[in-house]
>>> print(open('query22.cif').read())   # mmCIF, C-alpha atoms
data_model
#
loop_
_atom_site.label_atom_id
_atom_site.label_comp_id
_atom_site.auth_asym_id
_atom_site.auth_seq_id
_atom_site.Cartn_x
_atom_site.Cartn_y
_atom_site.Cartn_z
CA MET A 1 -68.80 -187.86 132.61
CA ARG A 2 -66.79 -188.37 135.76
CA GLY A 3 -63.64 -188.04 133.68
CA LEU A 4 -64.89 -184.78 132.22
CA GLY A 5 -65.73 -183.55 135.72
CA ARG A 6 -62.19 -184.02 136.83
CA LYS A 7 -60.68 -182.46 133.71
CA PRO A 8 -61.16 -178.77 134.70
CA SER A 9 -59.41 -179.34 138.01
CA ARG A 10 -56.54 -181.07 136.23
CA LEU A 11 -56.19 -178.00 134.01
CA LEU A 12 -56.70 -175.36 136.70
CA LEU A 13 -54.09 -176.63 139.13
CA PRO A 14 -51.18 -176.41 136.67
CA LEU A 15 -52.42 -173.05 135.44
CA LEU A 16 -52.64 -171.77 139.02
CA GLY A 17 -49.11 -173.01 139.66
CA LEU A 18 -47.84 -171.25 136.57
CA ALA A 19 -49.62 -168.05 137.57
CA LEU A 20 -48.08 -168.08 141.04
CA GLY A 21 -44.65 -168.90 139.69
CA ALA A 22 -44.87 -166.22 137.04
CA GLN A 23 -45.45 -163.30 139.41
CA ASP A 24 -43.71 -160.19 138.24
CA VAL A 25 -40.29 -160.00 139.91
CA GLN A 26 -39.01 -156.45 140.09
CA GLU A 27 -35.30 -156.17 139.42
CA ILE A 28 -33.60 -154.46 142.35
CA GLY A 29 -29.94 -155.05 141.59
CA PRO A 30 -27.07 -155.16 144.09
CA PHE A 31 -27.57 -153.11 147.24
CA PRO A 32 -25.89 -149.64 147.04
CA THR A 33 -23.69 -150.32 150.09
CA ARG A 34 -21.52 -147.41 151.23
CA ASP A 35 -18.66 -147.21 153.73
CA MET A 36 -19.68 -145.03 156.71
CA PHE A 37 -16.18 -144.38 158.12
CA PRO A 38 -15.72 -140.65 158.98
CA LEU A 39 -12.68 -140.19 156.70
CA ALA A 40 -14.73 -141.56 153.80
CA MET A 41 -17.60 -139.10 154.18
CA PRO A 42 -16.06 -136.09 152.35
CA SER A 43 -14.95 -138.21 149.39
CA MET A 44 -16.51 -140.58 146.89
CA VAL A 45 -16.36 -144.26 147.83
CA TYR A 46 -17.24 -147.41 145.98
CA GLN A 47 -20.95 -148.20 145.65
CA PRO A 48 -22.45 -151.09 143.64
CA VAL A 49 -24.50 -150.05 140.60
CA ASP A 50 -27.47 -151.92 139.11
CA PRO A 51 -26.48 -153.58 135.78
CA THR A 52 -30.12 -153.73 134.63
CA PRO A 53 -31.34 -150.49 132.95
CA VAL A 54 -34.50 -149.00 134.41
CA GLY A 55 -36.03 -148.82 130.91
CA GLN A 56 -36.52 -146.12 128.31
CA GLY A 57 -38.58 -143.22 129.63
CA ARG A 58 -38.94 -144.83 133.07
CA TRP A 59 -37.99 -143.47 136.50
CA SER A 60 -36.76 -145.07 139.69
CA VAL A 61 -36.75 -142.95 142.85
CA SER A 62 -35.49 -144.18 146.23
CA LEU A 63 -34.85 -142.97 149.76
CA HIS A 64 -32.10 -144.73 151.71
CA HIS A 65 -31.54 -144.03 155.42
CA VAL A 66 -28.51 -145.69 157.01
CA ARG A 67 -26.92 -145.14 160.43
CA GLY A 68 -23.30 -146.18 160.98
CA ASN A 69 -21.42 -146.36 164.28
CA THR A 70 -17.65 -145.81 164.44
CA PHE A 71 -15.22 -146.19 167.33
CA GLU A 72 -11.74 -146.43 165.81
CA PHE A 73 -8.40 -144.88 166.72
CA SER A 74 -4.66 -145.08 166.01
CA ASP A 75 -2.77 -147.95 167.62
CA ILE A 76 -0.68 -145.69 169.84
CA LEU A 77 -3.78 -144.41 171.65
CA LYS A 78 -4.63 -147.94 172.77
CA THR A 79 -1.94 -147.55 175.44
CA GLN A 80 -1.62 -143.78 175.79
CA ALA A 81 -5.22 -142.52 175.73
CA PRO A 82 -6.27 -140.56 178.84
CA ARG A 83 -8.79 -142.09 181.27
CA ASP A 84 -11.43 -140.53 183.50
CA SER A 85 -12.06 -141.38 187.18
CA GLU A 86 -13.97 -144.51 186.12
CA GLY A 87 -11.16 -145.74 183.91
CA ARG A 88 -12.96 -144.96 180.65
CA ILE A 89 -11.24 -143.26 177.71
CA ALA A 90 -11.88 -139.50 177.75
CA ILE A 91 -10.36 -137.46 174.91
CA THR A 92 -10.82 -133.70 175.36
CA LYS A 93 -9.56 -130.74 173.41
CA ASP A 94 -7.57 -129.54 176.44
CA PHE A 95 -5.77 -132.89 176.61
CA VAL A 96 -4.98 -132.86 172.89
CA LEU A 97 -3.60 -129.31 172.97
CA ALA A 98 -1.52 -130.08 176.05
CA HIS A 99 -0.05 -133.34 174.76
CA ALA A 100 0.00 -133.04 170.95
CA SER A 101 3.70 -132.11 170.94
CA GLU A 102 4.51 -135.49 172.51
CA TYR A 103 3.50 -137.13 169.21
CA ALA A 104 5.71 -134.94 166.99
CA SER A 105 7.44 -137.95 165.43
CA ILE A 106 4.18 -139.57 164.31
CA PRO A 107 2.81 -138.49 160.90
CA LEU A 108 -0.85 -139.14 161.71
CA ILE A 109 -2.94 -139.90 164.79
CA PHE A 110 -6.72 -140.11 164.73
CA TYR A 111 -9.49 -140.83 167.22
CA PHE A 112 -13.06 -141.22 165.93
CA ASP A 113 -16.08 -141.92 168.11
CA GLU A 114 -19.39 -140.95 166.55
CA GLU A 115 -22.47 -142.09 164.68
CA ILE A 116 -23.37 -140.85 161.21
CA ALA A 117 -26.89 -141.01 159.82
CA ARG A 118 -27.05 -140.56 156.04
CA LEU A 119 -30.29 -140.00 154.13
CA THR A 120 -29.85 -140.29 150.35
CA LEU A 121 -32.35 -139.34 147.67
CA ARG A 122 -31.54 -141.19 144.47
CA ALA A 123 -33.21 -140.90 141.05
CA ARG A 124 -32.60 -142.91 137.85
CA TYR A 125 -34.00 -142.15 134.40
CA GLY A 126 -33.87 -144.30 131.29
CA LEU A 127 -32.51 -142.39 128.29
CA GLY A 128 -32.94 -145.49 126.14
CA PRO A 129 -33.51 -149.23 126.44
CA ARG A 130 -29.88 -149.76 127.53
CA THR A 131 -28.76 -146.37 128.85
CA GLU A 132 -29.69 -144.39 131.96
CA VAL A 133 -28.58 -141.39 133.96
CA TRP A 134 -28.77 -141.14 137.73
CA MET A 135 -28.22 -138.68 140.54
CA GLU A 136 -28.09 -138.89 144.30
CA ILE A 137 -28.24 -136.16 146.95
CA PRO A 138 -27.23 -137.11 150.51
CA PHE A 139 -27.98 -135.43 153.84
CA GLN A 140 -25.90 -136.27 156.92
CA THR A 141 -26.30 -136.06 160.67
CA HIS A 142 -23.34 -136.55 163.04
CA SER A 143 -24.00 -137.32 166.70
CA GLY A 144 -23.02 -139.46 169.67
CA GLY A 145 -25.59 -141.97 168.55
CA ILE A 146 -27.67 -144.76 170.03
CA PHE A 147 -25.85 -147.98 169.05
CA ASP A 148 -23.00 -148.10 171.59
CA SER A 149 -24.81 -150.28 174.15
CA LEU A 150 -25.97 -152.68 171.43
CA ILE A 151 -22.45 -153.02 170.00
CA GLU A 152 -20.84 -153.35 173.43
CA GLY A 153 -23.25 -156.16 174.27
CA PHE A 154 -22.41 -157.91 170.99
CA HIS A 155 -18.68 -157.71 171.67
CA LYS A 156 -19.20 -159.35 175.08
CA LEU A 157 -20.21 -162.51 173.22
CA GLY A 158 -16.57 -162.96 172.31
CA PHE A 159 -16.04 -160.52 169.44
CA GLU A 160 -13.80 -158.12 171.30
CA GLN A 161 -12.85 -154.64 170.13
CA ALA A 162 -10.05 -152.87 171.99
CA GLY A 163 -11.40 -150.08 174.17
CA ARG A 164 -15.09 -150.50 173.23
CA ASP A 165 -16.06 -151.34 176.84
CA ARG A 166 -13.75 -148.62 178.20
CA VAL A 167 -15.12 -145.60 176.38
CA ALA A 168 -17.98 -143.32 177.42
CA LYS A 169 -21.16 -144.40 175.65
CA ASN A 170 -22.80 -142.35 172.92
CA GLN A 171 -20.13 -139.66 172.88
CA LEU A 172 -19.05 -137.57 169.90
CA VAL A 173 -15.32 -136.91 169.62
CA LEU A 174 -13.24 -136.56 166.45
CA VAL A 175 -9.50 -135.86 166.59
CA VAL A 176 -6.84 -135.71 163.87
CA MET A 177 -3.22 -134.86 164.71
CA ALA A 178 -0.21 -134.77 162.39
CA ASN A 179 3.45 -134.46 163.53
CA GLY A 180 2.47 -133.06 166.91
CA LYS A 181 -0.09 -130.54 165.65
CA LEU A 182 -3.85 -130.64 166.04
CA LEU A 183 -5.45 -130.55 162.58
CA PHE A 184 -9.06 -131.15 163.55
CA TYR A 185 -11.19 -131.51 166.67
CA ASN A 186 -14.96 -131.73 166.93
CA ASP A 187 -17.36 -132.71 169.70
CA GLU A 188 -20.49 -130.93 168.43
CA SER A 189 -23.41 -132.52 166.58
CA ILE A 190 -24.30 -131.72 162.96
CA ARG A 191 -27.92 -132.05 161.87
CA GLY A 192 -29.12 -132.76 158.33
CA LYS A 193 -26.12 -131.30 156.48
CA THR A 194 -26.35 -131.49 152.68
CA GLN A 195 -23.42 -133.32 151.09
CA ASP A 196 -22.03 -133.33 147.55
CA PRO A 197 -24.33 -134.82 144.89
CA VAL A 198 -23.22 -137.69 142.64
CA LEU A 199 -24.05 -137.77 138.92
CA GLY A 200 -23.73 -140.96 136.89
CA LEU A 201 -24.27 -142.59 133.50
CA SER A 202 -24.72 -146.35 132.93
CA HIS A 203 -24.85 -148.33 129.68
CA GLN A 204 -25.58 -152.03 129.24
CA ILE A 205 -23.09 -153.47 126.74
CA ALA A 206 -24.23 -157.12 126.67
CA ALA A 207 -27.14 -159.26 127.87
CA ASN A 208 -28.92 -162.57 127.37
CA ASP A 209 -31.39 -164.71 129.32
CA ARG A 210 -28.90 -165.45 132.11
CA TRP A 211 -26.45 -162.58 132.41
CA ARG A 212 -26.05 -158.84 131.87
CA LEU A 213 -23.04 -156.55 131.85
CA SER A 214 -22.98 -152.75 132.15
CA LEU A 215 -20.32 -150.05 132.26
CA TYR A 216 -20.72 -146.81 134.16
CA ALA A 217 -19.05 -143.54 135.10
CA ALA A 218 -19.87 -141.11 137.92
CA VAL A 219 -18.59 -137.79 139.24
CA LYS A 220 -19.00 -135.98 142.56
CA PRO A 221 -18.66 -132.22 142.08
CA PRO A 222 -17.24 -130.46 145.17
CA MET A 223 -20.16 -128.24 146.21
CA THR A 224 -20.26 -128.58 150.01
CA ASP A 225 -17.96 -128.88 153.02
CA THR A 226 -17.90 -131.78 155.49
CA TYR A 227 -17.67 -130.79 159.16
CA SER A 228 -17.73 -127.24 157.71
CA VAL A 229 -14.02 -127.65 156.95
CA TYR A 230 -13.14 -130.29 154.35
CA ARG A 231 -13.93 -130.03 150.65
CA SER A 232 -12.86 -132.85 148.32
CA GLY A 233 -11.93 -132.53 144.66
CA TRP A 234 -13.81 -133.67 141.57
CA ASP A 235 -13.95 -137.32 142.61
CA GLN A 236 -14.74 -139.82 139.84
CA SER A 237 -15.71 -143.47 139.53
CA TYR A 238 -15.31 -145.76 136.50
CA GLY A 239 -16.56 -149.31 136.75
CA PHE A 240 -18.58 -152.28 135.59
CA SER A 241 -21.52 -154.21 137.04
CA ALA A 242 -22.78 -157.70 136.16
CA ARG A 243 -25.77 -159.92 136.87
CA TRP A 244 -25.90 -163.71 136.50
CA GLN A 245 -28.91 -165.99 137.08
CA PRO A 246 -27.90 -169.64 136.61
CA LEU A 247 -31.02 -170.91 138.41
CA ARG A 248 -34.54 -169.56 138.72
CA ASN A 249 -34.33 -168.83 142.47
CA HIS A 250 -30.73 -167.61 142.62
CA VAL A 251 -29.34 -164.34 141.27
CA PHE A 252 -25.70 -163.29 141.62
CA TYR A 253 -24.23 -159.83 141.22
CA GLY A 254 -20.66 -158.66 140.92
CA GLY A 255 -18.70 -155.60 139.90
CA GLY A 256 -15.78 -153.32 140.50
CA ALA A 257 -14.59 -149.77 139.94
CA LEU A 258 -11.67 -147.39 140.14
CA ILE A 259 -12.26 -144.39 142.42
CA MET A 260 -10.14 -141.36 141.49
CA ARG A 261 -9.69 -138.72 144.19
CA PRO A 262 -7.86 -135.54 143.13
CA HIS A 263 -6.76 -133.01 145.75
CA GLY A 264 -9.41 -130.93 147.47
CA ASN A 265 -9.01 -127.80 149.58
CA ALA A 266 -5.92 -127.28 151.74
CA GLU A 267 -7.55 -128.58 154.93
CA TYR A 268 -8.73 -131.75 153.20
CA THR A 269 -5.40 -132.45 151.51
CA SER A 270 -3.29 -131.78 154.63
CA MET A 271 -5.56 -133.89 156.84
CA THR A 272 -5.04 -136.85 154.52
CA LEU A 273 -1.27 -136.21 154.27
CA GLY A 274 -1.05 -135.28 150.62
CA GLY A 275 -4.54 -136.33 149.66
CA PRO A 276 -6.37 -139.67 149.78
CA ARG A 277 -5.29 -142.45 147.45
CA ASN A 278 -7.09 -143.56 144.35
CA THR A 279 -8.73 -146.82 145.34
CA LEU A 280 -10.36 -149.93 143.93
CA GLY A 281 -13.71 -151.25 145.09
CA ALA A 282 -15.63 -154.44 144.36
CA HIS A 283 -18.71 -156.39 145.39
CA VAL A 284 -20.19 -159.86 145.04
CA ALA A 285 -23.77 -160.59 146.08
CA TRP A 286 -26.40 -163.33 146.18
CA GLU A 287 -30.16 -162.84 146.15
CA TYR A 288 -32.64 -165.66 146.86
CA ARG A 289 -35.87 -165.49 144.86
CA ARG A 290 -38.03 -168.44 145.84
CA ASN A 291 -40.67 -165.98 147.03
CA PRO A 292 -40.91 -162.97 144.67
CA ARG A 293 -42.19 -160.73 147.48
CA TRP A 294 -39.58 -161.59 150.15
CA ARG A 295 -36.01 -161.81 148.91
CA PRO A 296 -33.04 -162.13 151.31
CA PHE A 297 -29.63 -161.05 150.08
CA PHE A 298 -26.02 -161.22 151.19
CA GLN A 299 -23.30 -158.96 149.81
CA LEU A 300 -19.54 -158.66 150.32
CA TYR A 301 -18.10 -155.17 149.91
CA TYR A 302 -14.35 -154.62 149.37
CA GLN A 303 -12.14 -151.51 149.20
CA THR A 304 -8.41 -150.93 149.01
CA GLY A 305 -6.72 -148.64 151.54
CA PHE A 306 -7.71 -145.00 151.93
CA LEU A 307 -4.29 -143.44 152.75
CA ARG A 308 -0.63 -144.18 152.12
CA PRO A 309 1.19 -146.31 154.75
CA GLN A 310 1.91 -144.54 158.03
CA VAL A 311 3.09 -145.76 161.41
CA TYR A 312 0.57 -146.43 164.21
CA GLN A 313 -2.43 -146.71 161.88
CA LYS A 314 -3.92 -149.12 159.33
CA LEU A 315 -5.65 -146.73 156.97
CA ASP A 316 -3.55 -148.05 154.07
CA ARG A 317 -4.95 -151.57 154.40
CA PRO A 318 -7.87 -153.02 152.44
CA SER A 319 -11.23 -153.61 154.08
CA LEU A 320 -13.96 -156.19 153.69
CA GLN A 321 -17.48 -155.70 154.98
CA HIS A 322 -20.67 -157.70 154.68
CA ASP A 323 -24.19 -156.45 154.01
CA LEU A 324 -27.04 -158.75 155.00
CA GLY A 325 -30.61 -157.78 154.21
CA LEU A 326 -34.12 -158.45 152.98
CA HIS A 327 -36.12 -156.97 150.09
CA TRP A 328 -39.90 -156.80 150.46
CA ASN A 329 -42.00 -156.19 147.33
CA PRO A 330 -45.48 -155.38 148.77
CA ARG A 331 -46.92 -154.36 145.43
CA ARG A 332 -45.86 -153.78 141.86
CA ASN A 333 -43.07 -151.16 141.49
CA TRP A 334 -42.59 -150.74 145.26
CA VAL A 335 -39.67 -152.25 147.23
CA LEU A 336 -38.77 -151.80 150.90
CA SER A 337 -35.36 -153.10 152.00
CA PHE A 338 -33.73 -153.56 155.39
CA HIS A 339 -30.00 -154.23 155.74
CA TYR A 340 -27.33 -154.78 158.38
CA MET A 341 -23.69 -154.04 157.56
CA ASN A 342 -20.69 -155.14 159.60
CA ASN A 343 -16.90 -154.92 159.46
CA ILE A 344 -15.04 -158.19 158.77
CA THR A 345 -11.37 -157.17 158.52
CA HIS A 346 -11.13 -154.91 161.63
CA ASN A 347 -8.27 -152.78 160.33
CA GLU A 348 -9.56 -149.63 162.08
CA ASN A 349 -10.51 -148.19 158.68
CA THR A 350 -14.26 -148.85 158.41
CA ALA A 351 -17.36 -148.20 160.49
CA ASP A 352 -18.01 -150.89 163.12
CA MET A 353 -21.57 -151.53 161.97
CA ALA A 354 -24.48 -149.89 160.16
CA MET A 355 -28.20 -150.50 159.79
CA GLY A 356 -30.56 -149.00 157.26
CA LEU A 357 -33.88 -148.90 155.42
CA ARG A 358 -34.47 -148.18 151.74
CA LEU A 359 -37.73 -147.47 149.91
CA GLU A 360 -37.82 -147.56 146.10
CA ARG A 361 -40.63 -146.62 143.69
CA ARG A 362 -40.56 -147.16 139.92
CA PHE A 363 -42.88 -145.59 137.41
#
>>> encode(input="query22.cif", output="structure tokens")
Amino acid sequence: MRGLGRKPSRLLLPLLGLALGAQDVQEIGPFPTRDMFPLAMPSMVYQPVDPTPVGQGRWSVSLHHVRGNTFEFSDILKTQAPRDSEGRIAITKDFVLAHASEYASIPLIFYFDEEIARLTLRARYGLGPRTEVWMEIPFQTHSGGIFDSLIEGFHKLGFEQAGRDRVAKNQLVLVVMANGKLLFYNDESIRGKTQDPVLGLSHQIAANDRWRLSLYAAVKPPMTDTYSVYRSGWDQSYGFSARWQPLRNHVFYGGGALIMRPHGNAEYTSMTLGGPRNTLGAHVAWEYRRNPRWRPFFQLYYQTGFLRPQVYQKLDRPSLQHDLGLHWNPRRNWVLSFHYMNNITHNENTADMAMGLRLERRF
């Protein structure tokens, strides 16, 4: 009898362990990291795509709010930028107009100091078990921002950035000069401006218990202007996305794409000296799944250079950024994610840092 009394407990404990281990794990995919550099805002840039279809007849809707801080400028301004009475960099329109001719031999000079907040509504719909369509609509705000003190404090730990501690905090100044002429200047905020939508189609071409592989294509129709001036062309993206799970608690993602950027309006094409280059983008990511509700992730995000080589700037060089975050799955079909993105290569061609929140609902 004593043996029979212990038998239920011997059965229940393994069953309870199986039940806890078999909690439904919602597939989230790689994080849709995006470069927040000002020159990249009018155009399409590389973004990772989920290789796992959402499912026939199913929807996934998400809101992603990310704020990126940028303080980057051409090399020549590191020694020739004007200073105010306190010794801090102070670029004004009067200064640019008065001194632009002094830079007539230089093809491109830029000075960017701003923060961009981007709110993106994204929807995915499963056309079939392996095929889905998706769309995203972004809204942008440009301002002086709130991150300058935080970033300046971080750089004091030993990660120096030229001029960061010598520039007025939370200012908004954007300057682009070419061959001694001022092409663009802005020091006014923009609130909640609608940007071009992106339309995409994904199809899973292979899958088994451990890995999946999908191909996708996307297009960004030119429907809006950035800074009320620049309109890109019909930007396109063609790529692949993969998922690999060699172990139960570890999932790896990877992918790459070609970004094609045809000419846009005259202002956009002249600002980028003949138009931005077609680029390649790629990502690799790791997600830890020991706890199905709390899943940390780490992602590397790579892009080739945005423009052709020019003197006194590094916009032709590749960039590497990292995205570190945490997914929280509070209940079935709901996921809240927090992420922190930072620049690794420091080629003055990416945002310094970005932080964001993303909420996703599937039904």
>>> closest_residue(input="query22.cif", among="A:Phe363, A:Met44, A:Asn208, A:Leu183", to="A:Gln56", atoms="all atoms listed in the file")
A:Phe363
>>> atom_distance(input="query22.cif", atom1="atom CA of A:Asn179", atom2="atom CA of A:Thr269")
15.1 Å
>>> resolve_selection(input="query22.cif", expression="the PyMOL selection byres ((chain A and resi 181) around 9)", output="ChimeraX atom specification")
/A:97,100-101,103-104,176-180,182-183
>>> resolve_selection(input="query22.cif", expression="the PyMOL selection byres ((chain A and resi 134-143) around 6)", output="ChimeraX atom specification")
/A:114-124,133,144-145,172,189-195,197-200
>>> closest_residue(input="query22.cif", among="A:Ala285, A:Ala266, A:Leu324, A:Leu359", to="A:Asp50", atoms="only C-alpha atoms")
A:Ala285
>>> atom_distance(input="query22.cif", atom1="atom CA of A:Pro318", atom2="atom CA of A:Glu348")
10.4 Å
>>> resolve_selection(input="query22.cif", expression="the PyMOL selection byres ((chain A and resi 330-341) around 6)", output="MDAnalysis selection string")
chainID A and resid 322:329 342 353:362
>>> closest_residue(input="query22.cif", among="A:Ala257, A:Leu201, A:Val284, A:Val175", to="A:Ile109", atoms="all atoms listed in the file")
A:Val175
>>> axis_aligned_box(input="query22.cif", around="stretch 287-298 of chain A", padding_each_side="3 Å", output="lines of an AutoDock Vina configuration file")
center_x = -34.1
center_y = -164.6
center_z = 148.0
size_x = 22.2
size_y = 13.7
size_z = 12.6
>>> closest_residue(input="query22.cif", among="A:Tyr238, A:Phe112, A:Phe184, A:Tyr268", to="A:Asp225", atoms="all atoms listed in the file")
A:Tyr268
>>> atom_distance(input="query22.cif", atom1="atom CA of A:Asn347", atom2="atom CA of A:Gly29")
28.7 Å
>>> closest_residue(input="query22.cif", among="A:Pro53, A:Pro48, A:Pro42, A:Gly68", to="A:Phe240", atoms="only C-alpha atoms")
A:Pro48
>>> build_atoms(input="query22.cif", residues="stretch 229-238 of chain A", atoms="all heavy atoms", output="compact mmCIF listing (two decimals), in the frame of the given file")
# COMPACT_ATOMS: atom_id res chain seq x y z
N VAL A 229 -15.46 -127.88 157.12
CA VAL A 229 -14.02 -127.65 156.95
C VAL A 229 -13.51 -128.25 155.65
O VAL A 229 -12.83 -127.59 154.86
CB VAL A 229 -13.22 -128.25 158.14
CG1 VAL A 229 -11.71 -128.11 157.89
CG2 VAL A 229 -13.62 -127.58 159.44
N TYR A 230 -13.81 -129.53 155.40
CA TYR A 230 -13.14 -130.29 154.35
C TYR A 230 -13.96 -130.32 153.06
O TYR A 230 -15.14 -130.66 153.07
CB TYR A 230 -12.89 -131.72 154.82
CG TYR A 230 -12.08 -131.78 156.09
CD1 TYR A 230 -12.64 -132.28 157.27
CD2 TYR A 230 -10.78 -131.31 156.12
CE1 TYR A 230 -11.91 -132.34 158.44
CE2 TYR A 230 -10.04 -131.35 157.28
CZ TYR A 230 -10.60 -131.87 158.45
OH TYR A 230 -9.87 -131.90 159.60
N ARG A 231 -13.30 -129.97 151.96
CA ARG A 231 -13.93 -130.03 150.65
C ARG A 231 -13.04 -130.89 149.73
O ARG A 231 -11.87 -130.59 149.52
CB ARG A 231 -14.11 -128.65 150.06
CG ARG A 231 -14.70 -128.67 148.65
CD ARG A 231 -15.11 -127.29 148.16
NE ARG A 231 -16.20 -126.75 148.95
CZ ARG A 231 -17.04 -125.81 148.51
NH1 ARG A 231 -16.93 -125.36 147.27
NH2 ARG A 231 -17.99 -125.35 149.29
N SER A 232 -13.62 -131.95 149.20
CA SER A 232 -12.86 -132.85 148.32
C SER A 232 -12.73 -132.25 146.93
O SER A 232 -13.27 -131.18 146.64
CB SER A 232 -13.54 -134.21 148.25
OG SER A 232 -14.79 -134.10 147.61
N GLY A 233 -12.03 -132.96 146.04
CA GLY A 233 -11.93 -132.53 144.66
C GLY A 233 -13.05 -133.11 143.81
O GLY A 233 -14.07 -133.55 144.33
N TRP A 234 -12.84 -133.11 142.51
CA TRP A 234 -13.81 -133.67 141.57
C TRP A 234 -13.62 -135.19 141.53
O TRP A 234 -13.05 -135.73 140.57
CB TRP A 234 -13.65 -133.04 140.19
CG TRP A 234 -14.20 -131.65 140.11
CD1 TRP A 234 -13.60 -130.50 140.53
CD2 TRP A 234 -15.47 -131.28 139.56
NE1 TRP A 234 -14.41 -129.42 140.29
CE2 TRP A 234 -15.58 -129.87 139.69
CE3 TRP A 234 -16.53 -131.98 138.97
CZ2 TRP A 234 -16.69 -129.16 139.26
CZ3 TRP A 234 -17.64 -131.28 138.54
CH2 TRP A 234 -17.72 -129.89 138.69
N ASP A 235 -14.11 -135.87 142.54
CA ASP A 235 -13.95 -137.32 142.61
C ASP A 235 -14.72 -138.01 141.48
O ASP A 235 -15.82 -137.57 141.11
CB ASP A 235 -14.46 -137.84 143.96
CG ASP A 235 -13.61 -137.35 145.12
OD1 ASP A 235 -12.55 -136.75 144.87
OD2 ASP A 235 -14.02 -137.57 146.28
N GLN A 236 -14.14 -139.10 140.97
CA GLN A 236 -14.74 -139.82 139.84
C GLN A 236 -14.70 -141.33 140.09
O GLN A 236 -13.83 -141.82 140.80
CB GLN A 236 -13.97 -139.52 138.56
CG GLN A 236 -13.82 -138.04 138.25
CD GLN A 236 -12.48 -137.74 137.63
OE1 GLN A 236 -12.07 -138.38 136.67
NE2 GLN A 236 -11.75 -136.78 138.19
N SER A 237 -15.64 -142.02 139.44
CA SER A 237 -15.71 -143.47 139.53
C SER A 237 -15.94 -144.05 138.14
O SER A 237 -16.81 -143.57 137.40
CB SER A 237 -16.84 -143.90 140.47
OG SER A 237 -16.98 -145.29 140.51
N TYR A 238 -15.16 -145.09 137.79
CA TYR A 238 -15.31 -145.76 136.50
C TYR A 238 -15.34 -147.27 136.77
O TYR A 238 -14.39 -147.82 137.34
CB TYR A 238 -14.13 -145.43 135.57
CG TYR A 238 -13.96 -143.95 135.33
CD1 TYR A 238 -13.06 -143.20 136.09
CD2 TYR A 238 -14.70 -143.30 134.35
CE1 TYR A 238 -12.89 -141.85 135.88
CE2 TYR A 238 -14.54 -141.94 134.12
CZ TYR A 238 -13.65 -141.22 134.90
OH TYR A 238 -13.50 -139.87 134.68
